[in-house]
Structure formats: C-alpha cells, structure tokens
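Asks: Please find query12.cif (mmCIF, C-alpha atoms) on the next line:
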```cif
data_my_file
#
loop_
_atom_site.group_PDB
_atom_site.id
_atom_site.type_symbol
_atom_site.label_atom_id
_atom_site.label_comp_id
_atom_site.auth_asym_id
_atom_site.auth_seq_id
_atom_site.Cartn_x
_atom_site.Cartn_y
_atom_site.Cartn_z
ATOM 1 C CA ASP A 1 16.350 -3.485 -15.062
ATOM 2 C CA GLU A 2 15.929 -5.992 -17.910
ATOM 3 C CA ILE A 3 12.247 -6.505 -17.106
ATOM 4 C CA ILE A 4 11.612 -2.766 -17.010
ATOM 5 C CA GLU A 5 13.480 -2.283 -20.300
ATOM 6 C CA LYS A 6 11.441 -5.034 -21.988
ATOM 7 C CA ARG A 7 8.233 -3.348 -20.847
ATOM 8 C CA GLY A 8 9.346 -0.122 -22.535
ATOM 9 C CA LEU A 9 9.452 1.835 -19.294
ATOM 10 C CA PRO A 10 12.009 4.489 -18.317
ATOM 11 C CA SER A 11 15.132 3.034 -16.740
ATOM 12 C CA GLN A 12 15.245 3.155 -12.950
ATOM 13 C CA ASN A 13 18.907 2.076 -12.700
ATOM 14 C CA TRP A 14 18.250 -0.547 -10.041
ATOM 15 C CA GLY A 15 21.570 -2.266 -10.655
ATOM 16 C CA SER A 16 23.695 0.821 -10.149
ATOM 17 C CA ARG A 17 21.621 1.975 -7.170
ATOM 18 C CA ILE A 18 22.079 -1.321 -5.341
ATOM 19 C CA ARG A 19 25.794 -1.498 -6.184
ATOM 20 C CA GLU A 20 26.207 1.881 -4.488
ATOM 21 C CA VAL A 21 24.766 0.574 -1.224
ATOM 22 C CA CYS A 22 27.544 0.030 1.313
ATOM 23 C CA TYR A 23 26.493 -1.758 4.485
ATOM 24 C CA GLN A 24 28.748 -1.594 7.530
ATOM 25 C CA ALA A 25 27.903 -3.626 10.606
ATOM 26 C CA TYR A 26 28.251 -1.971 14.011
ATOM 27 C CA GLU A 27 29.240 -4.355 16.770
ATOM 28 C CA ASP A 28 31.176 -4.022 20.009
ATOM 29 C CA GLY A 29 31.617 -0.304 19.439
ATOM 30 C CA GLU A 30 33.217 -0.741 15.989
ATOM 31 C CA LEU A 31 32.171 -0.270 12.383
ATOM 32 C CA HIS A 32 33.174 -3.263 10.253
ATOM 33 C CA ASP A 33 33.822 -3.164 6.523
ATOM 34 C CA CYS A 34 30.872 -4.274 4.405
ATOM 35 C CA GLU A 35 33.004 -6.945 2.672
ATOM 36 C CA ASP A 36 33.533 -8.744 5.972
ATOM 37 C CA TRP A 37 29.912 -9.044 7.031
ATOM 38 C CA SER A 38 26.679 -10.484 5.658
ATOM 39 C CA LEU A 39 23.357 -8.972 6.655
ATOM 40 C CA GLU A 40 21.210 -11.332 8.706
ATOM 41 C CA LEU A 41 17.760 -10.240 9.837
ATOM 42 C CA ASP A 42 16.554 -12.086 12.917
ATOM 43 C CA GLY A 43 14.194 -10.244 15.215
ATOM 44 C CA PHE A 44 14.662 -6.462 15.286
ATOM 45 C CA ALA A 45 17.402 -4.750 13.278
ATOM 46 C CA HIS A 46 18.181 -1.047 12.978
ATOM 47 C CA ILE A 47 19.709 0.022 9.659
ATOM 48 C CA PRO A 48 20.365 3.793 9.698
ATOM 49 C CA GLY A 49 21.773 5.813 6.841
ATOM 50 C CA PRO A 50 22.035 9.430 5.670
ATOM 51 C CA THR A 51 19.894 10.978 2.958
ATOM 52 C CA GLY A 52 20.765 9.539 -0.440
ATOM 53 C CA SER A 53 22.243 6.305 0.919
ATOM 54 C CA HIS A 54 19.615 4.274 -0.981
ATOM 55 C CA LYS A 55 17.707 3.038 2.068
ATOM 56 C CA SER A 56 14.456 3.097 0.058
ATOM 57 C CA SER A 57 16.067 1.232 -2.833
ATOM 58 C CA PHE A 58 17.369 -1.385 -0.415
ATOM 59 C CA MET A 59 13.975 -1.889 1.242
ATOM 60 C CA GLN A 60 12.212 -2.294 -2.110
ATOM 61 C CA VAL A 61 14.763 -4.816 -3.405
ATOM 62 C CA MET A 62 14.533 -6.755 -0.131
ATOM 63 C CA ALA A 63 10.728 -6.734 -0.388
ATOM 64 C CA MET A 64 10.899 -8.073 -3.951
ATOM 65 C CA HIS A 65 13.328 -10.793 -2.870
ATOM 66 C CA MET A 66 11.096 -11.869 0.011
ATOM 67 C CA ALA A 67 7.955 -11.767 -2.175
ATOM 68 C CA GLN A 68 9.625 -14.097 -4.680
ATOM 69 C CA GLN A 69 10.136 -16.541 -1.798
ATOM 70 C CA GLY A 70 6.422 -16.505 -1.005
ATOM 71 C CA LYS A 71 6.752 -14.185 1.991
ATOM 72 C CA ARG A 72 4.566 -11.215 2.820
ATOM 73 C CA VAL A 73 6.425 -7.979 3.530
ATOM 74 C CA ALA A 74 5.267 -4.642 4.940
ATOM 75 C CA LEU A 75 7.194 -1.490 4.078
ATOM 76 C CA VAL A 76 6.669 1.511 6.360
ATOM 77 C CA VAL A 77 7.292 4.878 4.661
ATOM 78 C CA THR A 78 6.937 8.479 5.738
ATOM 79 C CA ASP A 79 3.577 9.474 4.222
ATOM 80 C CA THR A 80 0.571 8.101 2.340
ATOM 81 C CA ILE A 81 1.406 9.630 -1.049
ATOM 82 C CA THR A 82 4.839 7.975 -0.885
ATOM 83 C CA SER A 83 3.181 4.625 -0.149
ATOM 84 C CA ILE A 84 0.775 5.048 -3.065
ATOM 85 C CA ARG A 85 3.475 6.079 -5.526
ATOM 86 C CA MET A 86 5.863 3.316 -4.414
ATOM 87 C CA ALA A 87 3.142 0.674 -4.837
ATOM 88 C CA ASN A 88 2.179 2.199 -8.186
ATOM 89 C CA ASP A 89 5.783 2.097 -9.447
ATOM 90 C CA LEU A 90 6.369 -1.511 -8.352
ATOM 91 C CA ASN A 91 3.179 -2.697 -10.036
ATOM 92 C CA ARG A 92 3.822 -0.646 -13.161
ATOM 93 C CA SER A 93 7.272 -2.217 -13.466
ATOM 94 C CA PHE A 94 6.339 -5.844 -12.835
ATOM 95 C CA CYS A 95 2.574 -6.338 -13.307
ATOM 96 C CA ASP A 96 0.248 -6.263 -16.300
ATOM 97 C CA GLN A 97 -3.020 -4.369 -16.308
ATOM 98 C CA GLY A 98 -5.886 -6.573 -15.207
ATOM 99 C CA THR A 99 -3.707 -8.831 -13.028
ATOM 100 C CA ASP A 100 -3.422 -8.920 -9.257
ATOM 101 C CA PRO A 101 -0.967 -6.295 -8.007
ATOM 102 C CA LEU A 102 2.391 -7.091 -6.476
ATOM 103 C CA ALA A 103 2.110 -4.225 -3.982
ATOM 104 C CA ALA A 104 -0.784 -2.466 -2.264
ATOM 105 C CA PRO A 105 -0.740 0.753 -0.217
ATOM 106 C CA ILE A 106 -2.620 0.508 3.063
ATOM 107 C CA PHE A 107 -4.090 3.713 4.467
ATOM 108 C CA GLY A 108 -7.143 5.008 6.306
ATOM 109 C CA ARG A 109 -10.428 5.516 4.461
ATOM 110 C CA SER A 110 -11.486 8.941 5.707
ATOM 111 C CA MET A 111 -8.687 10.863 3.928
ATOM 112 C CA ARG A 112 -9.017 9.161 0.543
ATOM 113 C CA ASP A 113 -10.255 12.285 -1.256
ATOM 114 C CA TYR A 114 -7.381 14.345 0.171
ATOM 115 C CA HIS A 115 -4.833 11.795 -1.045
ATOM 116 C CA ARG A 116 -6.548 11.640 -4.446
ATOM 117 C CA GLN A 117 -6.328 15.410 -4.892
ATOM 118 C CA ARG A 118 -2.665 15.444 -3.832
ATOM 119 C CA LEU A 119 -1.778 12.701 -6.295
ATOM 120 C CA TYR A 120 -3.682 14.268 -9.187
ATOM 121 C CA SER A 121 -2.002 17.639 -8.584
ATOM 122 C CA SER A 122 1.508 16.141 -8.451
ATOM 123 C CA ASN A 123 4.024 16.755 -11.222
ATOM 124 C CA ALA A 124 4.606 13.036 -11.755
ATOM 125 C CA TYR A 125 0.926 12.431 -12.479
ATOM 126 C CA ASN A 126 0.442 15.464 -14.720
ATOM 127 C CA GLU A 127 3.636 14.934 -16.709
ATOM 128 C CA ASN A 128 2.337 11.544 -17.878
ATOM 129 C CA PRO A 129 -1.467 11.943 -18.111
ATOM 130 C CA ASP A 130 -1.881 9.043 -20.561
ATOM 131 C CA ASP A 131 0.012 6.489 -18.467
ATOM 132 C CA PHE A 132 -1.854 3.768 -16.640
ATOM 133 C CA TRP A 133 -1.748 4.503 -12.922
ATOM 134 C CA TRP A 134 -2.448 1.708 -10.473
ATOM 135 C CA ALA A 135 -3.144 4.437 -7.942
ATOM 136 C CA ASP A 136 -6.448 5.219 -9.680
ATOM 137 C CA ARG A 137 -7.922 1.922 -8.516
ATOM 138 C CA TRP A 138 -7.102 2.674 -4.866
ATOM 139 C CA LEU A 139 -8.437 6.241 -4.845
ATOM 140 C CA SER A 140 -11.688 5.802 -6.760
ATOM 141 C CA PRO A 141 -14.492 8.132 -5.565
ATOM 142 C CA LEU A 142 -17.159 5.700 -6.807
ATOM 143 C CA CYS A 143 -19.622 4.161 -4.353
ATOM 144 C CA LEU A 144 -21.959 1.513 -5.781
ATOM 145 C CA LEU A 145 -24.532 2.132 -3.079
ATOM 146 C CA GLN A 146 -25.008 5.717 -4.220
ATOM 147 C CA GLY A 147 -25.881 4.454 -7.702
ATOM 148 C CA CYS A 148 -28.634 2.301 -6.201
ATOM 149 C CA ALA A 149 -30.180 5.085 -4.110
ATOM 150 C CA THR A 150 -32.900 7.431 -5.330
ATOM 151 C CA SER A 151 -32.610 11.215 -5.058
ATOM 152 C CA HIS A 152 -35.213 11.057 -2.293
ATOM 153 C CA GLN A 153 -33.112 8.572 -0.319
ATOM 154 C CA LEU A 154 -29.887 10.438 -0.991
ATOM 155 C CA PRO A 155 -30.482 14.103 -1.922
ATOM 156 C CA GLU A 156 -26.751 14.897 -2.105
ATOM 157 C CA PRO A 157 -23.694 12.786 -2.999
ATOM 158 C CA LEU A 158 -21.816 11.294 -0.103
ATOM 159 C CA PRO A 159 -18.399 12.850 0.540
ATOM 160 C CA VAL A 160 -15.536 10.616 -0.583
ATOM 161 C CA GLY A 161 -14.274 8.693 2.434
ATOM 162 C CA ASP A 162 -17.594 9.010 4.262
ATOM 163 C CA GLU A 163 -19.367 6.073 2.627
ATOM 164 C CA PRO A 164 -21.599 4.106 5.069
ATOM 165 C CA CYS A 165 -19.941 0.763 4.275
ATOM 166 C CA GLU A 166 -20.387 -0.554 7.822
ATOM 167 C CA ASN A 167 -23.016 1.864 9.098
ATOM 168 C CA LEU A 168 -26.149 0.789 7.280
ATOM 169 C CA VAL A 169 -29.280 0.149 9.321
ATOM 170 C CA GLU A 170 -31.486 -2.831 8.559
ATOM 171 C CA ILE A 171 -34.983 -3.266 9.998
ATOM 172 C CA ARG A 172 -35.610 -6.777 11.338
ATOM 173 C CA ASP A 173 -38.635 -7.640 13.438
ATOM 174 C CA ASN A 174 -39.287 -3.925 13.896
ATOM 175 C CA LYS A 175 -35.800 -3.477 15.315
ATOM 176 C CA GLU A 176 -32.880 -1.576 13.866
ATOM 177 C CA GLN A 177 -29.734 -3.613 13.312
ATOM 178 C CA ARG A 178 -26.453 -2.253 12.035
ATOM 179 C CA SER A 179 -25.100 -4.059 8.979
ATOM 180 C CA SER A 180 -22.427 -3.797 6.293
ATOM 181 C CA CYS A 181 -23.062 -2.984 2.659
ATOM 182 C CA SER A 182 -23.576 -6.095 0.532
ATOM 183 C CA LEU A 183 -21.660 -4.521 -2.359
ATOM 184 C CA VAL A 184 -18.254 -4.217 -0.668
ATOM 185 C CA SER A 185 -16.901 -7.229 -2.578
ATOM 186 C CA LEU A 186 -17.442 -5.289 -5.835
ATOM 187 C CA CYS A 187 -17.260 -1.637 -4.842
ATOM 188 C CA PRO A 188 -14.392 0.423 -6.338
ATOM 189 C CA SER A 189 -14.071 2.387 -3.101
ATOM 190 C CA GLN A 190 -12.918 -0.797 -1.317
ATOM 191 C CA GLN A 191 -10.478 -2.023 -3.972
ATOM 192 C CA VAL A 192 -7.407 -1.432 -1.830
ATOM 193 C CA TYR A 193 -8.658 -3.928 0.764
ATOM 194 C CA ARG A 194 -9.282 -6.578 -1.865
ATOM 195 C CA ASP A 195 -5.787 -5.989 -3.246
ATOM 196 C CA MET A 196 -4.125 -6.280 0.152
ATOM 197 C CA LEU A 197 -5.480 -9.814 0.565
ATOM 198 C CA THR A 198 -3.488 -11.030 -2.460
ATOM 199 C CA ALA A 199 -0.530 -8.618 -2.690
ATOM 200 C CA PRO A 200 2.695 -9.943 -1.097
ATOM 201 C CA ILE A 201 3.978 -6.401 -0.464
ATOM 202 C CA TRP A 202 2.063 -3.959 1.728
ATOM 203 C CA ILE A 203 3.181 -0.341 1.957
ATOM 204 C CA THR A 204 1.891 1.814 4.780
ATOM 205 C CA THR A 205 2.815 4.623 7.189
ATOM 206 C CA PRO A 206 3.422 4.925 10.950
ATOM 207 C CA GLY A 207 0.204 6.927 11.275
ATOM 208 C CA ALA A 208 -1.891 4.267 9.555
ATOM 209 C CA LEU A 209 -0.312 1.496 11.640
ATOM 210 C CA GLY A 210 -1.326 3.257 14.833
ATOM 211 C CA ALA A 211 -4.695 4.757 13.914
ATOM 212 C CA ALA A 212 -6.320 2.878 11.008
ATOM 213 C CA THR A 213 -8.790 0.098 11.776
ATOM 214 C CA LEU A 214 -9.527 -2.655 9.291
ATOM 215 C CA PRO A 215 -13.176 -2.961 8.237
ATOM 216 C CA SER A 216 -15.143 -5.986 9.363
ATOM 217 C CA PHE A 217 -15.415 -7.367 5.833
ATOM 218 C CA VAL A 218 -11.611 -7.795 5.865
ATOM 219 C CA ASP A 219 -11.392 -9.126 9.425
ATOM 220 C CA ALA A 220 -14.427 -9.566 11.664
ATOM 221 C CA ARG A 221 -12.296 -8.604 14.688
ATOM 222 C CA ARG A 222 -11.782 -5.092 13.218
ATOM 223 C CA PRO A 223 -8.171 -4.973 14.456
ATOM 224 C CA LYS A 224 -5.872 -2.002 14.247
ATOM 225 C CA LEU A 225 -3.794 -2.092 11.093
ATOM 226 C CA GLY A 226 -0.593 -2.348 13.132
ATOM 227 C CA GLU A 227 -1.836 -5.503 14.885
ATOM 228 C CA PHE A 228 -2.888 -7.051 11.590
ATOM 229 C CA VAL A 229 0.424 -6.249 9.901
ATOM 230 C CA TYR A 230 2.474 -7.791 12.714
ATOM 231 C CA GLU A 231 0.233 -10.836 12.615
ATOM 232 C CA GLN A 232 0.251 -11.407 8.842
ATOM 233 C CA CYS A 233 3.674 -10.258 7.644
ATOM 234 C CA HIS A 234 6.922 -12.205 7.766
ATOM 235 C CA VAL A 235 9.083 -9.067 7.571
ATOM 236 C CA ILE A 236 8.371 -5.408 8.394
ATOM 237 C CA VAL A 237 10.805 -2.806 7.131
#
```
Is it possible to give me this structure as structure tokens?

Replies:
Amino acid sequence: DEIIEKRGLPSQNWGSRIREVCYQAYEDGELHDCEDWSLELDGFAHIPGPTGSHKSSFMQVMAMHMAQQGKRVALVVTDTITSIRMANDLNRSFCDQGTDPLAAPIFGRSMRDYHRQRLYSSNAYNENPDDFWWADRWLSPLCLLQGCATSHQLPEPLPVGDEPCENLVEIRDNKEQRSSCSLVSLCPSQQVYRDMLTAPIWITTPGALGAATLPSFVDARRPKLGEFVYEQCHVIV
C-alpha cells in the first residue's frame, strides 16, 4: 500500500483485504480455527472459498512473496482478459516504464486481436485513456516482417495473430526449408514471450495450459505451455 501511495496510484487496500482473509484448515473431518494453524504448501493443496473471500488477493500476495524470494510463480485464472489485467495492475503498481515487468500474461497467439478488442472496449481501459497500460505491449498488432515486405509480396495486411513467425519458407539448394522469422527477437508481436523469460510471475488460464504451444524461438522442443509451466515454476496457484 505504501509503494502504491508513493507512486500516486489509487489505493487498492491490500492491507485490509489480506487482514480479512480467514484460513481454516480441514483435517480429520474437522475445520480448525485459523489462529491454530499455519499454511504450509508442500505438493498439492486445495484452498476453496466462496465468492468475495479474497482468494485472488491471497494468490497475488503469495506470488509477490515468492517472487521476492527469487522463485517463479504461475497464477492460473479464469480467462485471458483477467490474466492480462492482473499482470497489468501488478506491473503498474511495482514497475517503472521501460523496465522488465514483474508479471507477464501467457496466452495463445491466434486470439490476440480478439483479446485486444475486448480490452480496448472495457470500462477500465476507457475510463483512464491517458494511463500507461502494460497490456499494450502484449497485444501489439505490429509485425516487423510486414514492414519489410513490398505490396507485391504482401498485397493485404496479415490478420493479427496469423503472422508467419515460424512458417517462412527459405530456398536452399533449390529446396524449400521451413524457417523462423529472424526478427522475432525485436518484433512487438512477440513481446509477451520475451517478457515471460524474465518475469518471475506468469499469469495464464486453464485453456492456455492445455492448448497453447510455445514457439520454437522460446523453446526448441515446442512444448505445451502446461508442460513448460510445470517444468519452470516453483509454485502454481
């Protein structure tokens, strides 16, 4: 709360939200008072709670605590827009513009334009049009390759999310070989993958964990996101 206040941002009342969290351990068929138990996470743990019980607040505070200890944490939320807004809010509260982000949302590439339109039509975005939004860097429609192509080579703009990042064809010895774009390390359309390599907090969805595949320029194995998350993260919430 003090950091957010010093940055001149609206109060998010983290202190009061966390003080309202009441954890009760369930063991041997009984609920135990929260004062009598500490929360230890070892292996799998199920922490249920009704709507408004500050489960999301708890998971974000735990992610911040783990990140400060040098751990990488994955938060799994209900939908992509929630993951984008949560990552945006964490970075806006604790990161300066131009620095590496604390949190990065991880989602599939093909629906990027749909997520961009949803975010830009949301009340939160339109109520503060002059604010800096970290989300803009993850939803950029720009493709550097299109700027290098002539109108003859590319008569119409490529649809957002359909960029041929890994589907280029190179002619070698009169043979066609599939290759990746050489501009991916700079391209705005791939910023989210560059951010995920440095961000200690990843925020994703069940759908992305099961369906999204990482591009080869992130991991040559092209693993499913779920496999990569379980391999790279210390804690998944």

Asks: Quick one: residues within 10 Å of (-6.3, 7.2, -10.4) (file frame), counting all atoms listed in the file, please, as a list in words.

Replies: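 Residues with an atom at most 10 Å from (-6.3, 7.2, -10.4): Arg116, Gln117, Leu119, Tyr120, Tyr125, Phe132, Trp133, Trp134, Ala135, Asp136, Arg137, Trp138, Leu139, Ser140 and Pro141 of chain A.
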
Asks: Please provide as a short mmCIF file (atom, residue, chain, number, x, y, z; two decimals) with C-alpha atoms, keeping the file's coordinate frame all residues within 12 Å of A:Glu156, with the sequence filter that same-chain residues fewer than 5 positions apart are discarded (counting all atoms listed in the file).

Replies:
```
data_model
loop_
_atom_site.label_atom_id
_atom_site.label_comp_id
_atom_site.auth_asym_id
_atom_site.auth_seq_id
_atom_site.Cartn_x
_atom_site.Cartn_y
_atom_site.Cartn_z
CA GLN A 146 -25.01 5.72 -4.22
CA GLY A 147 -25.88 4.45 -7.70
CA ALA A 149 -30.18 5.08 -4.11
CA THR A 150 -32.90 7.43 -5.33
CA SER A 151 -32.61 11.22 -5.06
#
```

Asks: Using the chain letters and numbers from this file, what does the PyMOL selection byres ((chain A and resi 215) around 10) select? Give the answer as a list in words.

Replies: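 Evaluating the PyMOL selection byres ((chain A and resi 215) around 10) on these coordinates yields Arg109, Cys165, Glu166, Ser180, Gln190, Tyr193, Ala212, Thr213, Leu214, Ser216, Phe217, Val218, Asp219, Ala220, Arg221, Arg222, Pro223, Lys224 and Leu225 of chain A.
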
Asks: Mind checking which residues fall within 7 Å of A:Arg178, counting only C-alpha atoms, ignoring those fewer than 6 positions away in the same chain, and posting them as JSON, numbers by chain?

Replies: {"A": [167, 168, 169, 170]}

Asks: Calculated over all atoms listed in the file, which of the candidates A:Ala104, A:Ala45, A:Met86, A:Ala67 has the smallest distance to A:Arg194?

Replies: A:Ala104
